[in-house]
$ cat model_15.cif   # mmCIF, C-alpha atoms
data_query
#
loop_
_atom_site.label_atom_id
_atom_site.label_comp_id
_atom_site.auth_asym_id
_atom_site.auth_seq_id
_atom_site.Cartn_x
_atom_site.Cartn_y
_atom_site.Cartn_z
CA MET A 25 102.17 -84.88 -77.57
CA SER A 26 100.12 -82.20 -75.92
CA LYS A 27 98.31 -81.59 -79.21
CA ASP A 28 97.37 -85.27 -79.48
CA LYS A 29 96.15 -85.18 -75.92
CA GLY A 30 94.05 -82.12 -76.70
CA HIS A 31 92.50 -83.87 -79.70
CA VAL A 32 91.68 -86.89 -77.56
CA GLU A 33 90.03 -84.67 -74.96
CA ASP A 34 88.02 -82.88 -77.70
CA ARG A 35 86.89 -86.20 -79.16
CA SER A 36 85.94 -87.45 -75.70
CA GLU A 37 83.93 -84.27 -75.11
CA ASP A 38 82.26 -84.67 -78.52
CA GLN A 39 81.44 -88.26 -77.72
CA THR A 40 80.06 -87.19 -74.38
CA ASP A 41 77.80 -84.62 -76.07
CA ASP A 42 76.70 -87.20 -78.62
CA GLN A 43 75.97 -89.64 -75.84
CA LYS A 44 73.94 -87.03 -74.00
CA GLU A 45 71.91 -86.33 -77.13
CA GLU A 46 71.34 -90.05 -77.63
CA ILE A 47 70.23 -90.40 -74.03
CA GLN A 48 67.85 -87.45 -74.37
CA ARG A 49 66.39 -88.85 -77.58
CA ALA A 50 65.98 -92.24 -75.94
CA GLU A 51 64.23 -90.61 -72.97
CA LEU A 52 61.87 -88.69 -75.27
CA ILE A 53 61.04 -91.84 -77.22
CA GLU A 54 60.44 -93.68 -73.96
CA GLU A 55 58.17 -90.91 -72.67
CA GLU A 56 56.19 -90.87 -75.93
CA SER A 57 55.82 -94.63 -75.95
CA THR A 58 54.78 -94.56 -72.29
CA SER A 59 52.17 -91.86 -72.91
CA GLU A 60 50.90 -93.72 -75.98
CA ALA A 61 50.67 -96.92 -73.95
CA ASP A 62 48.81 -95.10 -71.17
CA GLU A 63 46.39 -93.58 -73.69
CA ALA A 64 45.85 -96.99 -75.29
CA ARG A 65 45.07 -98.53 -71.89
CA ARG A 66 42.71 -95.66 -71.09
CA GLN A 67 40.85 -96.13 -74.37
CA VAL A 68 40.53 -99.86 -73.71
CA LYS A 69 39.01 -99.12 -70.29
CA VAL A 70 36.61 -96.56 -71.76
CA LYS A 71 35.55 -99.01 -74.46
CA GLU A 72 34.98 -101.71 -71.87
CA ARG A 73 32.88 -99.25 -69.88
CA ILE A 74 30.79 -98.41 -72.96
CA ILE A 75 30.23 -102.13 -73.58
CA GLU A 76 29.07 -102.54 -69.96
CA LEU A 77 26.69 -99.57 -70.25
CA ALA A 78 25.28 -100.81 -73.56
CA ALA A 79 24.74 -104.32 -72.20
CA ALA A 80 22.82 -102.88 -69.23
CA THR A 81 20.66 -100.65 -71.47
CA LYS A 82 17.15 -101.69 -72.46
CA ASP A 83 16.17 -101.41 -76.09
CA SER A 84 14.00 -98.34 -75.65
CA ALA A 85 14.37 -94.70 -76.69
CA LEU A 86 14.46 -93.38 -73.13
CA SER A 87 17.08 -95.93 -72.04
CA CYS A 88 19.23 -95.02 -75.05
CA ALA A 89 18.96 -91.34 -74.07
CA VAL A 90 20.19 -92.24 -70.58
CA LEU A 91 23.02 -94.19 -72.23
CA ASP A 92 24.10 -91.02 -74.07
CA LEU A 93 24.02 -89.11 -70.80
CA LYS A 94 26.16 -91.72 -69.04
CA MET A 95 28.70 -91.73 -71.85
CA THR A 96 28.94 -87.93 -71.82
CA LYS A 97 29.11 -87.61 -68.03
CA PRO A 98 32.88 -88.38 -67.65
CA TYR A 99 33.67 -85.43 -69.93
CA VAL A 100 31.75 -82.96 -67.75
CA GLN A 101 34.65 -82.06 -65.46
CA PRO A 102 34.24 -79.89 -62.31
CA LEU A 103 36.38 -77.16 -63.90
CA ASN A 104 34.03 -77.04 -66.90
CA LEU A 105 31.01 -76.77 -64.62
CA LEU A 106 32.72 -73.97 -62.69
CA LEU A 107 33.44 -72.13 -65.93
CA TYR A 108 29.85 -72.60 -67.06
CA GLY A 109 28.42 -71.28 -63.77
CA ALA A 110 30.86 -68.36 -63.64
CA ALA A 111 30.04 -67.32 -67.21
CA ALA A 112 26.29 -67.29 -66.58
CA ALA A 113 26.41 -65.57 -63.18
CA SER A 114 29.25 -63.09 -63.75
CA LEU A 115 28.01 -61.79 -67.10
CA SER A 116 24.56 -61.03 -65.70
CA PHE A 117 26.22 -59.48 -62.63
CA PHE A 118 28.38 -57.07 -64.64
CA THR A 119 25.67 -56.14 -67.13
CA GLY A 120 22.76 -56.14 -64.68
CA ASN A 121 20.77 -58.09 -67.27
CA VAL A 122 19.78 -61.71 -66.80
CA PHE A 123 19.46 -62.20 -70.55
CA PHE A 124 23.21 -61.97 -71.21
CA GLY A 125 24.07 -64.41 -68.46
CA PHE A 126 21.48 -66.86 -69.70
CA LEU A 127 22.78 -66.68 -73.26
CA ALA A 128 26.42 -67.20 -72.24
CA GLY A 129 25.65 -70.17 -70.01
CA PHE A 130 23.22 -71.78 -72.42
CA LEU A 131 25.50 -71.64 -75.46
CA LEU A 132 28.49 -72.82 -73.44
CA ALA A 133 26.58 -75.85 -72.16
CA MET A 134 25.44 -76.78 -75.67
CA THR A 135 28.97 -77.77 -76.67
CA TYR A 136 28.39 -81.09 -74.90
CA LEU A 137 25.64 -82.13 -77.31
CA SER A 138 28.16 -83.21 -79.94
CA TYR A 139 30.09 -85.44 -77.50
CA PRO A 140 28.03 -88.63 -78.16
CA PHE A 141 28.94 -88.35 -81.83
CA ALA A 142 32.62 -87.89 -80.98
CA ILE A 143 32.46 -90.97 -78.74
CA ARG A 144 30.68 -92.87 -81.52
CA GLU A 145 33.46 -92.05 -83.97
CA LYS A 146 36.36 -92.71 -81.60
CA TYR A 147 35.16 -96.00 -80.12
CA GLU A 148 33.02 -97.26 -83.04
CA THR A 149 29.97 -97.60 -80.84
CA ASP A 150 27.67 -98.58 -83.73
CA LYS A 151 28.99 -102.14 -83.63
CA LEU A 152 29.06 -102.21 -79.82
CA PHE A 153 25.43 -101.12 -79.62
CA ALA A 154 24.37 -103.59 -82.30
CA ASP A 155 26.08 -106.40 -80.38
CA ALA A 156 24.18 -105.29 -77.27
CA GLY A 157 20.87 -105.65 -79.14
CA LEU A 158 20.03 -101.93 -79.35
CA SER A 159 17.98 -101.10 -82.42
CA PRO A 160 18.81 -98.13 -84.70
CA ARG A 161 15.28 -96.77 -84.20
CA ASN A 162 15.68 -96.46 -80.44
CA LEU A 163 19.30 -95.29 -80.63
CA VAL A 164 18.39 -92.42 -82.93
CA ALA A 165 15.26 -91.54 -80.94
CA GLY A 166 17.32 -91.65 -77.75
CA ARG A 167 19.83 -89.21 -79.22
CA TYR A 168 16.99 -86.80 -79.97
CA ILE A 169 15.56 -87.14 -76.45
CA PHE A 170 19.04 -86.54 -75.03
CA THR A 171 19.42 -83.39 -77.14
CA LEU A 172 16.02 -82.05 -76.11
CA GLY A 173 16.39 -82.90 -72.42
CA PHE A 174 19.96 -81.60 -72.15
CA SER A 175 19.04 -78.34 -73.91
CA LEU A 176 16.06 -77.65 -71.64
CA ALA A 177 18.06 -78.52 -68.51
CA ALA A 178 20.90 -76.24 -69.63
CA ALA A 179 18.44 -73.42 -70.34
CA LEU A 180 16.82 -73.71 -66.90
CA ALA A 181 20.18 -73.90 -65.11
CA SER A 182 21.46 -70.90 -67.08
CA ILE A 183 18.41 -68.83 -66.12
CA LEU A 184 18.85 -69.69 -62.44
CA LEU A 185 22.60 -68.95 -62.46
CA ALA A 186 22.09 -65.70 -64.34
CA SER A 187 19.35 -64.70 -61.89
CA VAL A 188 21.77 -65.20 -59.01
CA GLY A 189 24.19 -62.78 -60.66
CA VAL A 190 21.48 -60.16 -61.13
CA LEU A 191 20.27 -60.65 -57.56
CA PHE A 192 23.57 -59.32 -56.19
CA THR A 193 23.45 -56.26 -58.44
CA ARG A 194 20.02 -55.44 -57.05
CA SER A 195 21.27 -55.45 -53.45
CA LEU A 196 18.54 -57.94 -52.47
CA GLU A 197 15.83 -55.63 -53.82
CA SER A 198 13.79 -58.25 -55.62
CA ILE A 199 11.84 -56.70 -58.46
CA SER A 200 9.92 -59.86 -59.26
CA LEU A 201 9.96 -63.58 -58.56
CA VAL A 202 13.15 -63.80 -60.66
CA PRO A 203 15.09 -60.52 -60.19
CA GLY A 204 16.01 -58.67 -63.35
CA MET A 205 13.69 -60.66 -65.59
CA THR A 206 10.56 -59.17 -67.11
CA THR A 207 7.83 -61.07 -68.87
CA GLY A 208 9.29 -59.94 -72.18
CA ALA A 209 12.68 -61.39 -71.26
CA HIS A 210 11.00 -64.70 -70.43
CA GLY A 211 9.42 -64.82 -73.88
CA THR A 212 12.64 -63.83 -75.63
CA MET A 213 14.66 -66.51 -73.89
CA LEU A 214 12.03 -69.16 -74.61
CA SER A 215 12.05 -68.12 -78.26
CA LEU A 216 15.84 -68.46 -78.42
CA VAL A 217 15.75 -71.92 -76.83
CA LEU A 218 13.14 -73.07 -79.33
CA LEU A 219 15.13 -71.49 -82.17
CA TYR A 220 18.25 -73.34 -81.03
CA LEU A 221 16.37 -76.64 -80.92
CA ILE A 222 15.03 -76.13 -84.44
CA LEU A 223 18.56 -75.45 -85.70
CA ALA A 224 19.87 -78.47 -83.79
CA LEU A 225 17.27 -80.63 -85.51
CA ILE A 226 18.68 -79.45 -88.83
CA GLN A 227 22.23 -80.40 -87.88
CA LEU A 228 21.57 -83.84 -86.34
CA PRO A 229 21.11 -85.70 -89.68
CA PHE A 230 24.47 -84.29 -90.79
CA TYR A 231 26.12 -85.66 -87.65
CA PHE A 232 24.63 -89.10 -88.30
CA ARG A 233 25.75 -88.99 -91.94
CA LEU A 234 29.17 -87.32 -91.73
CA GLY A 235 30.23 -88.11 -88.18
CA PHE A 236 31.70 -85.76 -85.59
CA VAL A 237 34.73 -84.65 -87.63
CA GLY A 238 32.88 -84.30 -90.92
CA ALA A 239 30.06 -82.22 -89.42
CA ARG A 240 32.10 -80.17 -86.96
CA PHE A 241 31.53 -76.92 -88.88
CA ILE A 242 27.83 -77.63 -89.33
CA GLY A 243 27.73 -78.27 -85.57
CA LEU A 244 28.54 -74.59 -85.01
CA LEU A 245 25.39 -73.53 -86.88
CA PRO A 246 22.94 -73.52 -83.93
CA VAL A 247 25.37 -71.80 -81.55
CA ALA A 248 26.54 -69.16 -84.03
CA THR A 249 23.07 -68.41 -85.41
CA THR A 250 21.46 -68.19 -81.97
CA ALA A 251 24.21 -65.87 -80.72
CA PHE A 252 23.95 -63.70 -83.85
CA ILE A 253 20.15 -63.37 -83.61
CA ALA A 254 20.36 -62.68 -79.87
CA ALA A 255 22.92 -59.93 -80.44
CA GLY A 256 20.72 -58.46 -83.15
CA LEU A 257 17.69 -58.47 -80.87
CA VAL A 258 19.63 -56.74 -78.10
CA TRP A 259 20.96 -54.14 -80.54
CA LEU A 260 17.59 -53.44 -82.15
CA GLY A 261 15.69 -53.63 -78.89
CA SER A 262 17.97 -51.23 -77.05
CA GLY A 263 15.91 -48.28 -78.27
CA ASP A 264 18.92 -46.51 -79.76
CA VAL A 265 18.33 -47.77 -83.30
CA ILE A 266 14.56 -47.57 -83.69
CA PRO A 267 12.67 -45.90 -80.82
CA GLY A 268 9.87 -48.04 -79.45
CA LEU A 269 11.09 -51.21 -81.15
CA ARG A 270 11.91 -52.79 -77.80
CA ILE A 271 8.26 -52.63 -76.77
CA VAL A 272 7.26 -54.23 -80.08
CA LEU A 273 9.80 -57.05 -79.67
CA GLU A 274 8.64 -57.80 -76.13
CA SER A 275 5.01 -57.85 -77.27
CA VAL A 276 5.86 -60.26 -80.09
CA ALA A 277 7.85 -62.47 -77.73
CA GLN A 278 4.87 -62.66 -75.39
CA SER A 279 2.37 -63.47 -78.14
CA PRO A 280 0.88 -66.96 -77.74
CA TRP A 281 0.67 -67.24 -81.53
CA VAL A 282 4.42 -66.81 -81.87
CA VAL A 283 5.06 -69.45 -79.22
CA ALA A 284 2.53 -71.78 -80.87
CA ALA A 285 4.24 -71.29 -84.25
CA TYR A 286 7.60 -72.11 -82.68
CA PHE A 287 6.28 -75.29 -81.08
CA ALA A 288 4.55 -76.35 -84.30
CA SER A 289 7.78 -75.79 -86.24
CA LEU A 290 9.66 -77.75 -83.59
CA VAL A 291 7.32 -80.74 -83.87
CA ILE A 292 7.38 -80.77 -87.69
CA MET A 293 11.14 -80.30 -87.85
CA GLY A 294 11.65 -82.93 -85.16
CA LEU A 295 9.69 -85.59 -87.04
CA ALA A 296 11.35 -84.84 -90.38
CA SER A 297 14.81 -84.68 -88.82
CA TYR A 298 14.31 -87.96 -86.95
CA LEU A 299 13.23 -89.81 -90.10
CA MET A 300 16.21 -88.43 -92.02
CA SER A 301 18.64 -89.36 -89.24
CA LEU A 302 17.20 -92.86 -88.94
CA ALA A 303 17.53 -93.48 -92.69
CA THR A 304 21.03 -92.03 -92.64
CA TYR A 305 22.10 -94.09 -89.61
CA ARG A 306 20.89 -97.32 -91.19
CA ASP A 307 22.55 -96.45 -94.49
CA VAL A 308 25.89 -95.68 -92.82
CA LYS A 309 25.74 -98.95 -90.85
CA VAL A 310 25.09 -100.95 -94.03
CA LYS A 311 28.06 -99.34 -95.76
CA LYS A 312 30.33 -100.11 -92.79
CA VAL A 313 29.27 -103.74 -92.73
CA SER A 314 29.69 -104.16 -96.49
CA GLY A 315 33.05 -102.40 -96.33
CA LYS A 316 32.15 -99.76 -98.92
#
$ encode --input "model_15.cif" --output "structure tokens"
Amino acid sequence: MSKDKGHVEDRSEDQTDDQKEEIQRAELIEEESTSEADEARRQVKVKERIIELAAATKDSALSCAVLDLKMTKPYVQPLNLLLYGAAAASLSFFTGNVFFGFLAGFLLAMTYLSYPFAIREKYETDKLFADAGLSPRNLVAGRYIFTLGFSLAAALASILLASVGVLFTRSLESISLVPGMTTGAHGTMLSLVLLYLILALIQLPFYFRLGFVGARFIGLLPVATTAFIAAGLVWLGSGDVIPGLRIVLESVAQSPWVVAAYFASLVIMGLASYLMSLATYRDVKVKKVSGK
């Protein structure tokens, strides 16, 4: 009798454990379904917001650039801005060189340039923009204006933040208008910004053709190449490798002919890249409509 009772108690305990597991599984499923429902509602709200922004946007290149900025703005969280500012200021503070702080802040800020393409892919904005009467010509031109404007704004902000970091290392002993920055450093940073823009112009047609996911590795090209060249310039210009090379590099960076060549390359690359992106964007839209 006692054995039977023991078996009954064991079975009841087993049932209790099974019931607990069932309850836990049910709770997990409920949590997942709740989170999925919340995410679905959030995406609906974001899509509605994009539709509102598109409807309020004029069919002009500048207005389309502002549209890209408004779509990207919700993703620029305060924590990200704090990280960006800390990277630019702290690196120049610890190294005593404004160049390193500028480079860190600038490259970190450039990660946002791919966000409009990620939004395009996630919310299928091509159709939304077409319904709003926005032409492919102005949408593509607006994306280029957004890229150029955002890059220049990020470069200027990075220089200012990096200068603040250097200012504290100098104990308020200002060497020049911007502490820690020589004329050569100005030219080098300008050259790197222009180099980045030229590389970005190369990658933009790939983004329009392949989308955010398909071109995600190509999207690293400007950041990786700019960082690699900057590191090489610092290494070669340190004076430890080739004596006197630093003076040569600074002289080259200050040369108006070098700057003019950069700007000429930027204009030529910009025009060619824009035409390629426009043709690609129209081709991709046609394929989506035809279902191919």
$ closest_atom_pairs --input "model_15.cif" --of "region 130-152 of chain A" --to "region 214-235 of chain A" --cutoff "9 Å" --atoms "all atoms listed in the file" --output "tab-separated table"
residue	atom	partner	partner_atom	distance
A:Phe130	CA	A:Val217	CA	8.7
A:Ser138	CA	A:Tyr231	CA	8.3
A:Phe141	CA	A:Gly235	CA	6.5
A:Ala142	CA	A:Gly235	CA	7.6
A:Arg144	CA	A:Gly235	CA	8.2
A:Glu145	CA	A:Gly235	CA	6.6
$ atom_distance --input "model_15.cif" --atom1 "CA of Ser187 (chain A)" --atom2 "CA of Ala110 (chain A)"
12.2 Å
$ atom_distance --input "model_15.cif" --atom1 "CA of Val237 (chain A)" --atom2 "CA of Tyr305 (chain A)"
15.9 Å
$ resolve_selection --input "model_15.cif" --expression "the PyMOL selection byres ((chain A and resi 122) around 9)" --output "NGL selection string"
:A and (112-113 or 115-117 or 119-121 or 123-127 or 183 or 185-190 or 203-205 or 209)
$ residues_around --input "model_15.cif" --residues "Thr96 (chain A)" --least-positions-apart "5" --cutoff "12 Å" --atoms "all atoms listed in the file" --output "PyMOL selection string"
chain A and resi 70+74+77+89-91+101+135-144+167+170-171+174
$ resolve_selection --input "model_15.cif" --expression "the PyMOL selection byres ((chain A and resi 302) around 10)" --output "VMD selection string"
chain A and resid 160 to 165 229 232 to 233 297 to 301 303 to 308
$ atom_distance --input "model_15.cif" --atom1 "CA of Arg65 (chain A)" --atom2 "CA of Tyr99 (chain A)"
17.5 Å
$ axis_aligned_box --input "model_15.cif" --around "region 118-126 of chain A" --padding-each-side "8 Å" --output "AutoDock Vina command-line options"
--center_x 23.9 --center_y -61.5 --center_z -67.9 --size_x 24.9 --size_y 26.7 --size_z 22.6
$ closest_residue --input "model_15.cif" --among "A:Ala85, A:Ala80, A:Val68, A:Ala128" --to "Val247 (chain A)" --atoms "all atoms listed in the file"
A:Ala128
$ closest_residue --input "model_15.cif" --among "A:Leu244, A:Leu191, A:Met213, A:Ala79" --to "Val283 (chain A)" --atoms "all atoms listed in the file"
A:Met213
$ residues_around --input "model_15.cif" --residues "Ala156 (chain A)" --least-positions-apart "2" --cutoff "12 Å" --atoms "only C-alpha atoms" --output "PyMOL selection string"
chain A and resi 74-83+88+149-154+158-160+163
$ closest_residue --input "model_15.cif" --among "A:Lys71, A:Leu93, A:Pro98, A:Gly129" --to "Ala251 (chain A)" --atoms "all atoms listed in the file"
A:Gly129
$ closest_residue --input "model_15.cif" --among "A:Thr249, A:Phe192, A:Ser182, A:Ser87" --to "Leu105 (chain A)" --atoms "only C-alpha atoms"
A:Ser182
